[in-house]
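Chemist: Right, I'll just put the structure down here and ask away after.
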Amino acid sequence: MSFLSKIFNKGPKPIIAHSHEGNLATLKAQKAGPASPGVVKKPDVFYVTASVELGNTTTKCIVTATNLNTSECYLLNKTVKMTRDIRPPKPTEEVFGKTVWGIELSKEAVADLIKDTVLESLRKCHVDKDEDLDFVVRSTGVTAGFATAEEAGQLVIALADGCLNADIPPRKMSPAMSSSQLPERLQKYTLLDNVMFDGAVVSVIPPQGKETVANEMEGELVTAGIKLGAKWTDVDYRNPCVSLDFGSTLAGRIVNDNEPYANTVGNFLGLAGVVSDAIARGSGEIDMKNGAALDLYSDKALKKANTKKAQANADEAHELINICKVPMDVNRFGTVPLDPVAADNAGTTLIGCDVGVNGDKLGELTKLGEKFYKEDGLGTLLSTMDYVSAKIVTRLLDVAFEEDVITPGSALGVTGRAGITGKKPELILEAVQDRFDQVVFVEDGLALGSAIMARCMNSMGTQKSPIGGRQGDRCILGKRMKMQGSKYA
């Protein structure tokens, strides 16, 4: 930090990839005309996807349109509902899991919520599910309330049922086998006839063998989503990279720089946003059972915070927070089901964040939040939560560097409500700037990951503006074709 920056207390400025809003009809019209009289410009083609996500705190349908020439992704609509408002399971319905806060879930209740959310989102952005919508990807951050990693699959099925109940055609939820199965306007953009989808998403393959952790797909999507979001910035967020998603629960990956596909050598899991939620509930200003930190946030109050006191409060809160490499003798850490032996066999280091043992000290965090609120007021309490999140990031990275799983030159990407709200980006960047040359914060990383997942499943890469591959390098299409033995290689 420069001398003048120190005088004016200005830290480094974080690079934040905000969602760029757009209207599908307007985007098509703007891109279709000639640049100037006498010049013929081929119209850009937009790939429209819906990301359907059931999280511990929020349930979302986010509709995006990606320009297949530039990889620029536009937000058409984001419809958000509170997961706590899902209807209770009926007496005849089986409860197959819970959110991290204990909200019971049945397959039918999840399907109903997803159906309503999807239809509302499509209606608001005037996207016709038959004519305009190209693909739907489902994901979930709710992994904490399941007994095993395999049981989380039941929730994914419930998400699919909700989409089907909304009359989404099944062909728009599974990859095409050849270019002829895609709409004519997309056929020239797909490479399905050259390379097949082999499970790699933006040039990263998941851990091989038995599933190692229940939030594996979430980590895959947020890593891909940060890569796509970074296209709106100057950050080259390609392999090697580290991703951190601070939703209610923690997800993310550590990726090396192998080619054509990088390996997942680390996986983050455990508790994230619920840490702030627990502290926020101590204020008494939000619901003690279902309240979230987002319910309490006030930019005006945050400006009045005593930051020195907030830092001290955060240190006290961290005495209850356990961050470490996951031990080999547990099947759940930070409430997330996992298999450490399978992870070790796959060469993946699991790094987790917990409060006590599987969240059993969240109540003590709430008591601390009550003390902080009474002694210091709302502004300092909000600042405390910012410092708590920033310190979780640094401790997670400390473990990763100690385990020597971060490849030199890696870029860092952060997404999720407990990582990009308030002053968290500034605090995180200031703490990690000596370790990473490139750091980017991305809105809606999980949803953007769904958008790029849909493209990968249909082999719709952008060779002139690659999202996969290594930093500074060109598109890896040729290497993929050679690896797969393509007749076009």
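By order of appearance in the structure tokens: chains A, B, ..., then residues from 1 within every chain, and ligands from 1 in the order shown.
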How close does each residue of range 364-422 of chain A get to range 207-230 of chain A, giving the shortest atom pair and distance in Å to one decimal for every residue with an atom at most 12 Å away, counting only C-alpha atoms, sorted by chain and residue number, as JSON lines?
Modeler:
```
{"residue": "A:Ala411", "atom": "CA", "partner": "A:Lys227", "partner_atom": "CA", "distance": 10.2}
{"residue": "A:Leu412", "atom": "CA", "partner": "A:Ile226", "partner_atom": "CA", "distance": 9.4}
{"residue": "A:Gly413", "atom": "CA", "partner": "A:Ile226", "partner_atom": "CA", "distance": 6.3}
{"residue": "A:Val414", "atom": "CA", "partner": "A:Ile226", "partner_atom": "CA", "distance": 7.6}
{"residue": "A:Thr415", "atom": "CA", "partner": "A:Ile226", "partner_atom": "CA", "distance": 7.5}
{"residue": "A:Gly416", "atom": "CA", "partner": "A:Val222", "partner_atom": "CA", "distance": 9.1}
```
Chemist: Emit the selected residues as a CSV table (one decimal), in the first residue's frame, including all heavy atoms.
Modeler:
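And here is the file that came out, selection19.csv:
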```csv
chain,number,residue,atom,x,y,z
A,411,ALA,N,-4.8,-17.8,-9.6
A,411,ALA,CA,-5.7,-16.7,-9.4
A,411,ALA,C,-6.8,-17.1,-8.4
A,411,ALA,O,-7.1,-18.3,-8.3
A,411,ALA,CB,-6.4,-16.3,-10.7
A,412,LEU,N,-7.2,-16.1,-7.6
A,412,LEU,CA,-8.2,-16.4,-6.6
A,412,LEU,C,-9.6,-15.7,-7.0
A,412,LEU,O,-9.6,-14.6,-7.4
A,412,LEU,CB,-7.8,-15.8,-5.2
A,412,LEU,CG,-8.7,-15.8,-4.1
A,412,LEU,CD1,-9.0,-17.3,-3.7
A,412,LEU,CD2,-8.2,-15.0,-2.9
A,413,GLY,N,-10.6,-16.5,-6.8
A,413,GLY,CA,-12.0,-16.0,-7.1
A,413,GLY,C,-12.9,-16.3,-5.9
A,413,GLY,O,-12.8,-17.3,-5.3
A,414,VAL,N,-13.7,-15.3,-5.6
A,414,VAL,CA,-14.6,-15.4,-4.5
A,414,VAL,C,-16.0,-15.0,-4.9
A,414,VAL,O,-16.2,-14.0,-5.7
A,414,VAL,CB,-14.2,-14.4,-3.3
A,414,VAL,CG1,-15.1,-14.5,-2.1
A,414,VAL,CG2,-12.8,-14.7,-2.9
A,415,THR,N,-17.0,-15.7,-4.5
A,415,THR,CA,-18.4,-15.4,-4.8
A,415,THR,C,-19.2,-15.8,-3.5
A,415,THR,O,-18.7,-16.3,-2.5
A,415,THR,CB,-18.9,-16.2,-6.0
A,415,THR,OG1,-20.2,-15.7,-6.4
A,415,THR,CG2,-18.9,-17.7,-5.8
A,416,GLY,N,-20.5,-15.6,-3.6
A,416,GLY,CA,-21.4,-15.9,-2.5
A,416,GLY,C,-21.7,-14.7,-1.5
A,416,GLY,O,-20.8,-13.8,-1.4
```
Chemist: Can you tell me, as a list in words, what residues are no more than 9 Å from range 392-396 of chain A when counting only C-alpha atoms, ignoring any on the same chain fewer than 4 positions away?
Modeler: Leu244, Phe268, Ala272, His318, Ile321, Ile323, Cys324, Lys325, Ile351, Gly352, Cys353, Tyr387, Val388, Ala400, Phe401, Gly419, Ile428, Ala431 and Val432 of chain A
Chemist: May I have the residues within 12 Å of Leu382 in chain A as JSON, numbers by chain, using only C-alpha atoms and disregarding those fewer than 6 positions away in the same chain?
Modeler: {"A": [276, 277, 279, 280, 281, 282, 283, 293, 294, 295, 296, 297, 298, 299, 300, 301, 302, 303, 304, 305, 306, 307, 309, 310, 311, 313, 314, 369, 372, 373, 376, 388, 389, 418, 421, 422, 423, 424]}
Chemist: Mind checking DSSP for range 38-127 of chain A and telling me the strand (DSSP E) residues as a PDB file with N, CA and C atoms, in the first residue's frame?
Modeler:
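Resulting contents of part-v4.pdb:
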```
ATOM      1  N   PHE A  46     -27.341 -15.725 -29.132  1.00  0.00           N
ATOM      2  CA  PHE A  46     -27.355 -15.809 -27.676  1.00  0.00           C
ATOM      3  C   PHE A  46     -27.858 -17.180 -27.219  1.00  0.00           C
ATOM      4  N   TYR A  47     -27.131 -17.742 -26.275  1.00  0.00           N
ATOM      5  CA  TYR A  47     -27.479 -19.039 -25.686  1.00  0.00           C
ATOM      6  C   TYR A  47     -28.158 -18.754 -24.359  1.00  0.00           C
ATOM      7  N   VAL A  48     -29.434 -19.072 -24.270  1.00  0.00           N
ATOM      8  CA  VAL A  48     -30.239 -18.706 -23.109  1.00  0.00           C
ATOM      9  C   VAL A  48     -30.388 -19.900 -22.167  1.00  0.00           C
ATOM     10  N   THR A  49     -29.966 -19.699 -20.936  1.00  0.00           N
ATOM     11  CA  THR A  49     -30.033 -20.776 -19.950  1.00  0.00           C
ATOM     12  C   THR A  49     -30.710 -20.294 -18.675  1.00  0.00           C
ATOM     13  N   ALA A  50     -31.289 -21.243 -17.971  1.00  0.00           N
ATOM     14  CA  ALA A  50     -31.861 -20.966 -16.652  1.00  0.00           C
ATOM     15  C   ALA A  50     -31.109 -21.787 -15.622  1.00  0.00           C
ATOM     16  N   SER A  51     -30.667 -21.139 -14.574  1.00  0.00           N
ATOM     17  CA  SER A  51     -30.010 -21.816 -13.458  1.00  0.00           C
ATOM     18  C   SER A  51     -31.005 -21.902 -12.308  1.00  0.00           C
ATOM     19  N   VAL A  52     -31.308 -23.105 -11.907  1.00  0.00           N
ATOM     20  CA  VAL A  52     -32.269 -23.330 -10.833  1.00  0.00           C
ATOM     21  C   VAL A  52     -31.510 -23.861  -9.625  1.00  0.00           C
ATOM     22  N   GLU A  53     -31.553 -23.121  -8.544  1.00  0.00           N
ATOM     23  CA  GLU A  53     -30.757 -23.489  -7.361  1.00  0.00           C
ATOM     24  C   GLU A  53     -31.597 -23.431  -6.093  1.00  0.00           C
ATOM     25  N   LEU A  54     -31.542 -24.509  -5.333  1.00  0.00           N
ATOM     26  CA  LEU A  54     -32.145 -24.529  -4.002  1.00  0.00           C
ATOM     27  C   LEU A  54     -31.017 -24.449  -2.989  1.00  0.00           C
ATOM     28  N   THR A  58     -31.563 -19.152   0.279  1.00  0.00           N
ATOM     29  CA  THR A  58     -32.388 -18.682  -0.830  1.00  0.00           C
ATOM     30  C   THR A  58     -32.546 -19.748  -1.906  1.00  0.00           C
ATOM     31  N   THR A  59     -33.661 -19.672  -2.608  1.00  0.00           N
ATOM     32  CA  THR A  59     -33.912 -20.499  -3.778  1.00  0.00           C
ATOM     33  C   THR A  59     -34.044 -19.555  -4.961  1.00  0.00           C
ATOM     34  N   LYS A  60     -33.313 -19.840  -6.054  1.00  0.00           N
ATOM     35  CA  LYS A  60     -33.239 -18.895  -7.159  1.00  0.00           C
ATOM     36  C   LYS A  60     -33.496 -19.570  -8.503  1.00  0.00           C
ATOM     37  N   CYS A  61     -34.039 -18.779  -9.407  1.00  0.00           N
ATOM     38  CA  CYS A  61     -33.978 -19.102 -10.829  1.00  0.00           C
ATOM     39  C   CYS A  61     -33.363 -17.889 -11.500  1.00  0.00           C
ATOM     40  N   ILE A  62     -32.215 -18.085 -12.112  1.00  0.00           N
ATOM     41  CA  ILE A  62     -31.505 -16.998 -12.769  1.00  0.00           C
ATOM     42  C   ILE A  62     -31.399 -17.314 -14.255  1.00  0.00           C
ATOM     43  N   VAL A  63     -31.980 -16.444 -15.078  1.00  0.00           N
ATOM     44  CA  VAL A  63     -31.988 -16.646 -16.522  1.00  0.00           C
ATOM     45  C   VAL A  63     -30.923 -15.745 -17.145  1.00  0.00           C
ATOM     46  N   THR A  64     -30.043 -16.323 -17.930  1.00  0.00           N
ATOM     47  CA  THR A  64     -28.953 -15.580 -18.549  1.00  0.00           C
ATOM     48  C   THR A  64     -28.920 -15.828 -20.050  1.00  0.00           C
ATOM     49  N   ALA A  65     -28.345 -14.876 -20.763  1.00  0.00           N
ATOM     50  CA  ALA A  65     -28.123 -15.009 -22.206  1.00  0.00           C
ATOM     51  C   ALA A  65     -26.650 -14.768 -22.474  1.00  0.00           C
ATOM     52  N   THR A  66     -25.978 -15.748 -23.045  1.00  0.00           N
ATOM     53  CA  THR A  66     -24.549 -15.638 -23.318  1.00  0.00           C
ATOM     54  C   THR A  66     -24.309 -15.414 -24.801  1.00  0.00           C
ATOM     55  N   ASN A  67     -23.553 -14.362 -25.127  1.00  0.00           N
ATOM     56  CA  ASN A  67     -23.165 -14.082 -26.503  1.00  0.00           C
ATOM     57  C   ASN A  67     -22.116 -15.122 -26.904  1.00  0.00           C
ATOM     58  N   CYS A  73     -21.842 -12.618 -20.739  1.00  0.00           N
ATOM     59  CA  CYS A  73     -23.072 -13.208 -20.217  1.00  0.00           C
ATOM     60  C   CYS A  73     -23.944 -12.108 -19.611  1.00  0.00           C
ATOM     61  N   TYR A  74     -25.200 -12.047 -20.011  1.00  0.00           N
ATOM     62  CA  TYR A  74     -26.128 -11.027 -19.548  1.00  0.00           C
ATOM     63  C   TYR A  74     -27.201 -11.643 -18.653  1.00  0.00           C
ATOM     64  N   LEU A  75     -27.509 -10.940 -17.569  1.00  0.00           N
ATOM     65  CA  LEU A  75     -28.558 -11.375 -16.663  1.00  0.00           C
ATOM     66  C   LEU A  75     -29.901 -10.882 -17.181  1.00  0.00           C
ATOM     67  N   LEU A  76     -30.799 -11.805 -17.490  1.00  0.00           N
ATOM     68  CA  LEU A  76     -32.130 -11.440 -17.953  1.00  0.00           C
ATOM     69  C   LEU A  76     -33.110 -11.306 -16.795  1.00  0.00           C
ATOM     70  N   ASN A  77     -32.975 -12.181 -15.810  1.00  0.00           N
ATOM     71  CA  ASN A  77     -33.844 -12.093 -14.634  1.00  0.00           C
ATOM     72  C   ASN A  77     -33.259 -12.935 -13.500  1.00  0.00           C
ATOM     73  N   LYS A  78     -33.450 -12.452 -12.294  1.00  0.00           N
ATOM     74  CA  LYS A  78     -33.091 -13.229 -11.105  1.00  0.00           C
ATOM     75  C   LYS A  78     -34.276 -13.198 -10.151  1.00  0.00           C
ATOM     76  N   THR A  79     -34.933 -14.327 -10.010  1.00  0.00           N
ATOM     77  CA  THR A  79     -36.055 -14.450  -9.084  1.00  0.00           C
ATOM     78  C   THR A  79     -35.575 -15.215  -7.857  1.00  0.00           C
ATOM     79  N   VAL A  80     -35.699 -14.582  -6.697  1.00  0.00           N
ATOM     80  CA  VAL A  80     -35.173 -15.150  -5.453  1.00  0.00           C
ATOM     81  C   VAL A  80     -36.299 -15.322  -4.442  1.00  0.00           C
ATOM     82  N   LYS A  81     -36.361 -16.485  -3.855  1.00  0.00           N
ATOM     83  CA  LYS A  81     -37.313 -16.761  -2.781  1.00  0.00           C
ATOM     84  C   LYS A  81     -36.541 -17.285  -1.573  1.00  0.00           C
ATOM     85  N   MET A  82     -37.085 -17.071  -0.392  1.00  0.00           N
ATOM     86  CA  MET A  82     -36.431 -17.577   0.817  1.00  0.00           C
ATOM     87  C   MET A  82     -36.788 -19.051   0.991  1.00  0.00           C
ATOM     88  N   VAL A  95     -39.955 -37.017   4.296  1.00  0.00           N
ATOM     89  CA  VAL A  95     -38.903 -36.019   4.511  1.00  0.00           C
ATOM     90  C   VAL A  95     -37.561 -36.683   4.213  1.00  0.00           C
ATOM     91  N   PHE A  96     -36.864 -36.173   3.191  1.00  0.00           N
ATOM     92  CA  PHE A  96     -35.609 -36.819   2.803  1.00  0.00           C
ATOM     93  C   PHE A  96     -34.383 -36.006   3.178  1.00  0.00           C
ATOM     94  N   GLY A  97     -34.571 -34.842   3.786  1.00  0.00           N
ATOM     95  CA  GLY A  97     -33.427 -34.045   4.200  1.00  0.00           C
ATOM     96  C   GLY A  97     -33.869 -32.730   4.802  1.00  0.00           C
ATOM     97  N   LYS A  98     -32.910 -31.963   5.283  1.00  0.00           N
ATOM     98  CA  LYS A  98     -33.177 -30.675   5.908  1.00  0.00           C
ATOM     99  C   LYS A  98     -32.138 -29.659   5.423  1.00  0.00           C
ATOM    100  N   GLU A 104     -37.390 -28.783   7.045  1.00  0.00           N
ATOM    101  CA  GLU A 104     -37.595 -30.103   6.452  1.00  0.00           C
ATOM    102  C   GLU A 104     -37.993 -30.001   4.983  1.00  0.00           C
ATOM    103  N   LEU A 105     -37.506 -30.955   4.206  1.00  0.00           N
ATOM    104  CA  LEU A 105     -37.740 -30.971   2.769  1.00  0.00           C
ATOM    105  C   LEU A 105     -38.352 -32.296   2.336  1.00  0.00           C
ATOM    106  N   SER A 106     -39.382 -32.214   1.529  1.00  0.00           N
ATOM    107  CA  SER A 106     -39.918 -33.395   0.855  1.00  0.00           C
ATOM    108  C   SER A 106     -39.744 -33.187  -0.640  1.00  0.00           C
TER     109      SER A 106
END
```
Chemist: Separation of CA of Thr335 in chain A and CA of Gly270 in chain A, in Å?
Modeler: 6.4 Å
Chemist: Skipping near chain neighbours, those fewer than 2 positions away, what residues fall within 10 Å of Leu113 in chain A using only C-alpha atoms, listed as a list of chain:residue names?
Modeler: A:Leu54, A:Thr59, A:Lys60, A:Lys81, A:Thr83, A:Asp85, A:Ile86, A:Arg87, A:Glu108, A:Ala109, A:Val110, A:Ala111, A:Lys115, A:Asp116, A:Thr117, A:Val118, A:Leu159, A:Gly162, A:Cys163
Chemist: Save the residues we just selected, C-alpha atoms, as a PDB file, in the first residue's frame?
Modeler:
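The resulting file, again_23.pdb, is reproduced below:
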```pdb
ATOM      1  CA  LEU A  54     -32.145 -24.529  -4.002  1.00  0.00           C
ATOM      2  CA  THR A  59     -33.912 -20.499  -3.778  1.00  0.00           C
ATOM      3  CA  LYS A  60     -33.239 -18.895  -7.159  1.00  0.00           C
ATOM      4  CA  LYS A  81     -37.313 -16.761  -2.781  1.00  0.00           C
ATOM      5  CA  THR A  83     -36.000 -21.320   1.251  1.00  0.00           C
ATOM      6  CA  ASP A  85     -40.800 -20.217   3.113  1.00  0.00           C
ATOM      7  CA  ILE A  86     -41.057 -23.607   1.397  1.00  0.00           C
ATOM      8  CA  ARG A  87     -44.300 -25.320   2.313  1.00  0.00           C
ATOM      9  CA  GLU A 108     -42.982 -32.819  -3.600  1.00  0.00           C
ATOM     10  CA  ALA A 109     -42.510 -29.574  -1.634  1.00  0.00           C
ATOM     11  CA  VAL A 110     -39.201 -28.886  -3.378  1.00  0.00           C
ATOM     12  CA  ALA A 111     -40.774 -29.566  -6.778  1.00  0.00           C
ATOM     13  CA  LYS A 115     -41.968 -24.919 -10.439  1.00  0.00           C
ATOM     14  CA  ASP A 116     -43.302 -21.607  -9.108  1.00  0.00           C
ATOM     15  CA  THR A 117     -39.860 -19.988  -9.109  1.00  0.00           C
ATOM     16  CA  VAL A 118     -39.000 -21.077 -12.661  1.00  0.00           C
ATOM     17  CA  LEU A 159     -35.270 -30.085  -8.735  1.00  0.00           C
ATOM     18  CA  GLY A 162     -40.021 -29.103 -10.443  1.00  0.00           C
ATOM     19  CA  CYS A 163     -38.682 -28.127 -13.863  1.00  0.00           C
TER      20      CYS A 163
END
```
Chemist: As number ranges by chain, which residues of range 288-485 of chain A does DSSP assign to helix (DSSP H, G or I)?
Modeler: A: 293-296, 299-302, 307-318, 340-345, 362-402, 417-420, 424-432, 445-457, 477-484
Chemist: Need the shell around Ala176 in chain A: protein/DNA/RNA residues with any atom at most 12 Å away, counting only C-alpha atoms. Skip same-chain ones fewer than 2 positions apart. Format as an MDAnalysis selection string?
Modeler: chainID A and resid 134:135 170:174 178:183 186:187 190:193 196:197 454:460
Chemist: How would the residues just picked look written out with C-alpha atoms as a short mmCIF file (atom, residue, chain, number, x, y, z; two decimals), in the first residue's frame?
Modeler:
```
data_model
loop_
_atom_site.label_atom_id
_atom_site.label_comp_id
_atom_site.auth_asym_id
_atom_site.auth_seq_id
_atom_site.Cartn_x
_atom_site.Cartn_y
_atom_site.Cartn_z
CA ASP A 134 -32.01 -23.45 -24.62
CA PHE A 135 -31.01 -25.27 -21.44
CA PRO A 170 -36.59 -33.01 -20.87
CA ARG A 171 -34.32 -32.45 -23.90
CA LYS A 172 -33.46 -29.03 -22.45
CA MET A 173 -32.08 -30.63 -19.29
CA SER A 174 -29.70 -33.16 -20.85
CA SER A 178 -24.83 -34.54 -31.94
CA SER A 179 -25.11 -31.08 -33.48
CA SER A 180 -28.25 -32.09 -35.38
CA GLN A 181 -30.14 -32.34 -32.08
CA LEU A 182 -29.61 -28.63 -31.37
CA PRO A 183 -31.65 -25.74 -32.78
CA LEU A 186 -26.83 -22.99 -32.51
CA GLN A 187 -25.44 -25.71 -34.75
CA THR A 190 -21.16 -26.34 -31.31
CA LEU A 191 -18.14 -28.62 -31.60
CA LEU A 192 -20.08 -31.77 -30.76
CA ASP A 193 -19.04 -33.33 -34.06
CA MET A 196 -17.54 -35.08 -27.04
CA PHE A 197 -18.50 -33.91 -23.57
CA ALA A 454 -24.84 -25.92 -20.17
CA ARG A 455 -22.41 -24.77 -22.85
CA CYS A 456 -19.78 -27.36 -21.93
CA MET A 457 -22.35 -30.17 -22.05
CA ASN A 458 -23.14 -29.15 -25.63
CA SER A 459 -19.50 -28.38 -26.56
CA MET A 460 -20.08 -24.68 -27.15
#
```
Chemist: For Glu259 in chain A, list every protein, DNA or RNA residue within 12 Å, evaluated using only C-alpha atoms, and leave out those in the same chain fewer than 3 positions away; present the list as a PyMOL selection string.
Modeler: chain A and resi 200+202-205+238-240+255-256+262-263+468-471+473-480+482-483
